[in-house]
$ cat target35.pdb   # PDB, C-alpha atoms, pLDDT in the B column
ATOM      1  CA  MET A   1     -17.882  25.776  -7.706  1.00 50.00           C
ATOM      2  CA  SER A   2     -18.555  22.060  -8.229  1.00 54.00           C
ATOM      3  CA  LYS A   3     -15.859  21.921 -10.950  1.00 50.00           C
ATOM      4  CA  LYS A   4     -13.340  23.248  -8.415  1.00 47.00           C
ATOM      5  CA  ILE A   5     -14.378  20.609  -5.886  1.00 45.00           C
ATOM      6  CA  VAL A   6     -14.049  17.841  -8.486  1.00 41.00           C
ATOM      7  CA  ALA A   7     -10.648  19.148  -9.583  1.00 43.00           C
ATOM      8  CA  PHE A   8      -9.463  19.409  -5.975  1.00 41.00           C
ATOM      9  CA  SER A   9     -10.753  15.907  -5.261  1.00 45.00           C
ATOM     10  CA  CYS A  10      -8.821  14.504  -8.251  1.00 42.00           C
ATOM     11  CA  ILE A  11      -5.643  16.265  -7.147  1.00 42.00           C
ATOM     12  CA  ALA A  12      -6.087  14.996  -3.576  1.00 40.00           C
ATOM     13  CA  TRP A  13      -6.522  11.396  -4.770  1.00 41.00           C
ATOM     14  CA  ALA A  14      -3.465  11.658  -7.036  1.00 38.00           C
ATOM     15  CA  LEU A  15      -1.362  13.068  -4.196  1.00 35.00           C
ATOM     16  CA  ALA A  16      -2.525  10.332  -1.841  1.00 37.00           C
ATOM     17  CA  ALA A  17      -1.589   7.675  -4.392  1.00 35.00           C
ATOM     18  CA  VAL A  18       1.886   9.109  -4.938  1.00 34.00           C
ATOM     19  CA  LEU A  19       2.648   9.827  -1.301  1.00 33.00           C
ATOM     20  CA  GLY A  20       1.158   6.535  -0.167  1.00 36.00           C
ATOM     21  CA  ALA A  21       3.423   4.466  -2.412  1.00 39.00           C
ATOM     22  CA  ASN A  22       5.328   2.065  -0.222  1.00 41.00           C
ATOM     23  CA  PRO A  23       8.086  -0.383  -1.203  1.00 44.00           C
ATOM     24  CA  ALA A  24       6.579  -2.890   1.236  1.00 45.00           C
ATOM     25  CA  ASN A  25       3.634  -3.115  -1.169  1.00 57.00           C
ATOM     26  CA  ALA A  26       5.927  -4.197  -3.998  1.00 74.00           C
ATOM     27  CA  TYR A  27       5.829  -7.909  -4.789  1.00 88.00           C
ATOM     28  CA  LEU A  28       7.953 -10.422  -6.596  1.00 93.00           C
ATOM     29  CA  ALA A  29       7.407 -14.126  -7.156  1.00 93.00           C
ATOM     30  CA  VAL A  30      10.045 -16.774  -7.733  1.00 92.00           C
ATOM     31  CA  ARG A  31       9.552 -20.491  -8.325  1.00 91.00           C
ATOM     32  CA  GLU A  32      10.655 -22.483  -5.314  1.00 88.00           C
ATOM     33  CA  SER A  33      12.655 -24.740  -7.622  1.00 85.00           C
ATOM     34  CA  ASP A  34      14.639 -21.720  -8.936  1.00 84.00           C
ATOM     35  CA  LEU A  35      15.679 -20.550  -5.487  1.00 80.00           C
ATOM     36  CA  ASN A  36      18.831 -21.665  -3.724  1.00 70.00           C
ATOM     37  CA  HIS A  37      17.356 -22.169  -0.267  1.00 63.00           C
ATOM     38  CA  GLY A  38      20.161 -20.283   1.450  1.00 64.00           C
ATOM     39  CA  ASP A  39      19.850 -16.688   2.597  1.00 69.00           C
ATOM     40  CA  ALA A  40      16.742 -15.235   0.981  1.00 81.00           C
ATOM     41  CA  THR A  41      16.680 -11.941   2.872  1.00 85.00           C
ATOM     42  CA  ARG A  42      18.338  -9.791   0.168  1.00 89.00           C
ATOM     43  CA  VAL A  43      17.830  -9.428  -3.568  1.00 91.00           C
ATOM     44  CA  GLU A  44      19.955  -7.750  -6.201  1.00 94.00           C
ATOM     45  CA  PHE A  45      17.945  -6.492  -9.169  1.00 96.00           C
ATOM     46  CA  THR A  46      19.448  -6.000 -12.612  1.00 96.00           C
ATOM     47  CA  GLY A  47      18.168  -3.722 -15.368  1.00 96.00           C
ATOM     48  CA  ILE A  48      17.115  -6.738 -17.477  1.00 97.00           C
ATOM     49  CA  TYR A  49      13.360  -7.216 -17.714  1.00 97.00           C
ATOM     50  CA  GLU A  50      10.534  -8.047 -20.094  1.00 97.00           C
ATOM     51  CA  ALA A  51       6.782  -7.510 -20.068  1.00 96.00           C
ATOM     52  CA  VAL A  52       4.602 -10.577 -19.435  1.00 93.00           C
ATOM     53  CA  TYR A  53       1.215  -8.814 -19.151  1.00 85.00           C
ATOM     54  CA  ASN A  54      -0.924  -9.882 -16.219  1.00 86.00           C
ATOM     55  CA  THR A  55       0.507 -13.293 -15.336  1.00 89.00           C
ATOM     56  CA  PRO A  56      -1.707 -14.642 -12.511  1.00 89.00           C
ATOM     57  CA  ILE A  57      -0.488 -17.020  -9.798  1.00 90.00           C
ATOM     58  CA  CYS A  58      -1.773 -18.490  -6.545  1.00 89.00           C
ATOM     59  CA  GLY A  59      -5.208 -19.437  -7.743  1.00 87.00           C
ATOM     60  CA  PHE A  60      -8.218 -20.446  -5.675  1.00 87.00           C
ATOM     61  CA  PHE A  61     -11.923 -21.075  -6.212  1.00 86.00           C
ATOM     62  CA  ASP A  62     -14.475 -18.833  -4.527  1.00 88.00           C
ATOM     63  CA  ASP A  63     -17.788 -20.008  -3.045  1.00 91.00           C
ATOM     64  CA  GLU A  64     -19.443 -19.837  -6.462  1.00 91.00           C
ATOM     65  CA  GLY A  65     -16.752 -21.933  -8.157  1.00 88.00           C
ATOM     66  CA  HIS A  66     -15.061 -19.035  -9.976  1.00 87.00           C
ATOM     67  CA  ARG A  67     -11.280 -19.170 -10.349  1.00 85.00           C
ATOM     68  CA  ASN A  68      -9.516 -16.187  -8.760  1.00 86.00           C
ATOM     69  CA  PHE A  69      -5.879 -15.295  -8.247  1.00 86.00           C
ATOM     70  CA  LEU A  70      -4.156 -13.594  -5.337  1.00 86.00           C
ATOM     71  CA  TYR A  71      -1.378 -12.043  -7.422  1.00 89.00           C
ATOM     72  CA  ALA A  72      -0.908 -10.874 -11.007  1.00 90.00           C
ATOM     73  CA  PHE A  73       2.408  -9.717 -12.408  1.00 94.00           C
ATOM     74  CA  ASP A  74       3.190  -7.623 -15.478  1.00 94.00           C
ATOM     75  CA  TYR A  75       6.964  -8.115 -15.750  1.00 97.00           C
ATOM     76  CA  GLU A  76       9.782 -10.597 -15.350  1.00 96.00           C
ATOM     77  CA  GLN A  77      13.070  -9.175 -14.116  1.00 97.00           C
ATOM     78  CA  ARG A  78      16.494 -10.761 -13.730  1.00 97.00           C
ATOM     79  CA  MET A  79      17.717 -10.852 -10.135  1.00 95.00           C
ATOM     80  CA  THR A  80      19.871 -12.734  -7.691  1.00 93.00           C
ATOM     81  CA  ILE A  81      18.259 -13.759  -4.425  1.00 90.00           C
ATOM     82  CA  GLY A  82      20.685 -14.378  -1.571  1.00 86.00           C
ATOM     83  CA  ALA A  83      23.733 -16.261  -2.824  1.00 83.00           C
ATOM     84  CA  GLY A  84      21.673 -18.148  -5.392  1.00 84.00           C
ATOM     85  CA  PRO A  85      21.909 -18.125  -9.170  1.00 87.00           C
ATOM     86  CA  SER A  86      20.571 -15.326 -11.338  1.00 91.00           C
ATOM     87  CA  VAL A  87      16.892 -15.960 -12.186  1.00 93.00           C
ATOM     88  CA  MET A  88      14.054 -14.307 -14.056  1.00 95.00           C
ATOM     89  CA  ALA A  89      11.309 -13.722 -11.485  1.00 95.00           C
ATOM     90  CA  LEU A  90       7.854 -12.183 -11.762  1.00 95.00           C
ATOM     91  CA  VAL A  91       7.577  -8.590 -10.483  1.00 95.00           C
ATOM     92  CA  ASP A  92       4.672  -6.208 -10.152  1.00 93.00           C
ATOM     93  CA  HIS A  93       6.745  -3.312 -11.480  1.00 92.00           C
ATOM     94  CA  VAL A  94      10.285  -2.893 -12.789  1.00 95.00           C
ATOM     95  CA  TYR A  95      12.724  -2.314  -9.954  1.00 94.00           C
ATOM     96  CA  ASN A  96      15.750  -0.059 -10.284  1.00 94.00           C
ATOM     97  CA  PRO A  97      19.015  -2.004 -10.357  1.00 96.00           C
ATOM     98  CA  GLY A  98      20.404  -2.468  -6.860  1.00 94.00           C
ATOM     99  CA  ARG A  99      19.924  -4.318  -3.598  1.00 93.00           C
ATOM    100  CA  GLU A 100      16.775  -4.506  -1.504  1.00 92.00           C
ATOM    101  CA  ASP A 101      15.619  -6.405   1.574  1.00 92.00           C
ATOM    102  CA  LEU A 102      13.212  -9.314   1.035  1.00 91.00           C
ATOM    103  CA  TYR A 103      10.277 -10.384   3.204  1.00 90.00           C
ATOM    104  CA  LEU A 104       8.530 -13.695   2.602  1.00 90.00           C
ATOM    105  CA  ILE A 105       4.803 -13.068   2.329  1.00 91.00           C
ATOM    106  CA  ALA A 106       3.357 -16.339   1.064  1.00 90.00           C
ATOM    107  CA  ALA A 107       4.058 -19.678  -0.569  1.00 92.00           C
ATOM    108  CA  CYS A 108       1.566 -21.214  -2.974  1.00 91.00           C
ATOM    109  CA  ASP A 109       1.423 -23.451  -6.042  1.00 89.00           C
ATOM    110  CA  GLY A 110       5.238 -23.836  -6.060  1.00 91.00           C
ATOM    111  CA  TRP A 111       5.834 -20.055  -5.888  1.00 92.00           C
ATOM    112  CA  LEU A 112       7.382 -17.954  -3.124  1.00 91.00           C
ATOM    113  CA  ILE A 113       5.936 -14.440  -2.888  1.00 93.00           C
ATOM    114  CA  TYR A 114       8.187 -11.768  -1.399  1.00 92.00           C
ATOM    115  CA  GLY A 115       7.845  -8.138  -0.507  1.00 92.00           C
ATOM    116  CA  ALA A 116      10.860  -6.072  -1.505  1.00 90.00           C
ATOM    117  CA  GLY A 117      12.097  -2.852   0.035  1.00 83.00           C
ATOM    118  CA  SER A 118      11.787  -1.468   3.523  1.00 70.00           C
ATOM    119  CA  CYS A 119       9.244  -3.454   5.493  1.00 61.00           C
ATOM    120  CA  VAL A 120       6.558  -1.589   7.395  1.00 50.00           C
ATOM    121  CA  CYS A 121       4.920  -4.891   8.338  1.00 52.00           C
TER     122      CYS A 121
END
$ encode --input "target35.pdb" --output "structure tokens"
Amino acid sequence: MSKKIVAFSCIAWALAAVLGANPANAYLAVRESDLNHGDATRVEFTGIYEAVYNTPICGFFDDEGHRNFLYAFDYEQRMTIGAGPSVMALVDHVYNPGREDLYLIAACDGWLIYGAGSCVC
């Protein structure tokens, strides 16, 4: 009986993770200096990417003096933001080629952090 409960629990958690996936939780980071400061409300992703393995940005020190980071990215992907030039930007996962809406989330350490996809803000 307990094995069935454990199995059901694992299936329930997996289903919740898959069904709870939301494009608004997807992040990308671009250097402010790389961005043409025009219209930054749309992005066009290409299929060009490379792995960068846990690149942290937006660091801060906690109360105990430990360095922490708000964001960590595993890929760089080529994209065009607004009418700007094509850039390699940090992404949390590889996006399918195409256009998405952008939502500015934060600015820190010379980086602009955006959410991509449909915003459920």
$ resolve_selection --input "target35.pdb" --expression "the PyMOL selection byres ((chain A and resi 33) around 12)" --output "PDB file with C-alpha atoms, keeping the file's coordinate frame"
ATOM      1  CA  ALA A  29       7.407 -14.126  -7.156  1.00 93.00           C
ATOM      2  CA  VAL A  30      10.045 -16.774  -7.733  1.00 92.00           C
ATOM      3  CA  ARG A  31       9.552 -20.491  -8.325  1.00 91.00           C
ATOM      4  CA  GLU A  32      10.655 -22.483  -5.314  1.00 88.00           C
ATOM      5  CA  ASP A  34      14.639 -21.720  -8.936  1.00 84.00           C
ATOM      6  CA  LEU A  35      15.679 -20.550  -5.487  1.00 80.00           C
ATOM      7  CA  ASN A  36      18.831 -21.665  -3.724  1.00 70.00           C
ATOM      8  CA  HIS A  37      17.356 -22.169  -0.267  1.00 63.00           C
ATOM      9  CA  GLY A  84      21.673 -18.148  -5.392  1.00 84.00           C
ATOM     10  CA  PRO A  85      21.909 -18.125  -9.170  1.00 87.00           C
ATOM     11  CA  VAL A  87      16.892 -15.960 -12.186  1.00 93.00           C
ATOM     12  CA  ALA A  89      11.309 -13.722 -11.485  1.00 95.00           C
ATOM     13  CA  ASP A 109       1.423 -23.451  -6.042  1.00 89.00           C
ATOM     14  CA  GLY A 110       5.238 -23.836  -6.060  1.00 91.00           C
ATOM     15  CA  TRP A 111       5.834 -20.055  -5.888  1.00 92.00           C
ATOM     16  CA  LEU A 112       7.382 -17.954  -3.124  1.00 91.00           C
TER      17      LEU A 112
END
$ atom_distance --input "target35.pdb" --atom1 "CA of Leu90 (chain A)" --atom2 "CA of Gly117 (chain A)"
15.6 Å
$ residues_around --input "target35.pdb" --residues "Ala72 (chain A)" --least-positions-apart "6" --cutoff "8 Å" --atoms "all atoms listed in the file" --output "PyMOL selection string"
chain A and resi 54-57+92
$ residues_around --input "target35.pdb" --residues "Thr46 (chain A)" --least-positions-apart "3" --cutoff "8 Å" --atoms "all atoms listed in the file" --output "MDAnalysis selection string"
chainID A and resid 77:79 96:98
$ residues_near_point --input "target35.pdb" --point "(4.5, -8.2, -4.9)" --cutoff "8 Å" --atoms "all atoms listed in the file" --output "list of chain:residue names"
A:Asn25, A:Ala26, A:Tyr27, A:Leu28, A:Ala29, A:Tyr71, A:Phe73, A:Val91, A:Asp92, A:Ile113, A:Tyr114, A:Gly115, A:Ala116
$ atom_distance --input "target35.pdb" --atom1 "CA of Ala106 (chain A)" --atom2 "CA of Ala51 (chain A)"
23.2 Å
$ closest_residue --input "target35.pdb" --among "A:Tyr75, A:Phe69, A:Phe61, A:Tyr95" --to "Gly47 (chain A)" --atoms "all atoms listed in the file"
A:Tyr95
$ axis_aligned_box --input "target35.pdb" --around "region 103-120 of chain A" --padding-each-side "3 Å" --output "lines of an AutoDock Vina configuration file"
center_x = 6.8
center_y = -12.7
center_z = 0.7
size_x = 16.7
size_y = 28.4
size_z = 19.5
$ atom_distance --input "target35.pdb" --atom1 "CA of Glu100 (chain A)" --atom2 "CA of Phe45 (chain A)"
8.0 Å
$ closest_residue --input "target35.pdb" --among "A:Glu76, A:Cys108, A:Asp101, A:Val94" --to "Tyr53 (chain A)" --atoms "all atoms listed in the file"
A:Glu76
$ resolve_selection --input "target35.pdb" --expression "the PyMOL selection byres ((chain A and resi 80-82) around 6)" --output "MDAnalysis selection string"
chainID A and resid 39:40 42:44 79 83:86
$ closest_residue --input "target35.pdb" --among "A:Ala107, A:Cys58, A:Ile48, A:Leu102" --to "Leu70 (chain A)" --atoms "only C-alpha atoms"
A:Cys58
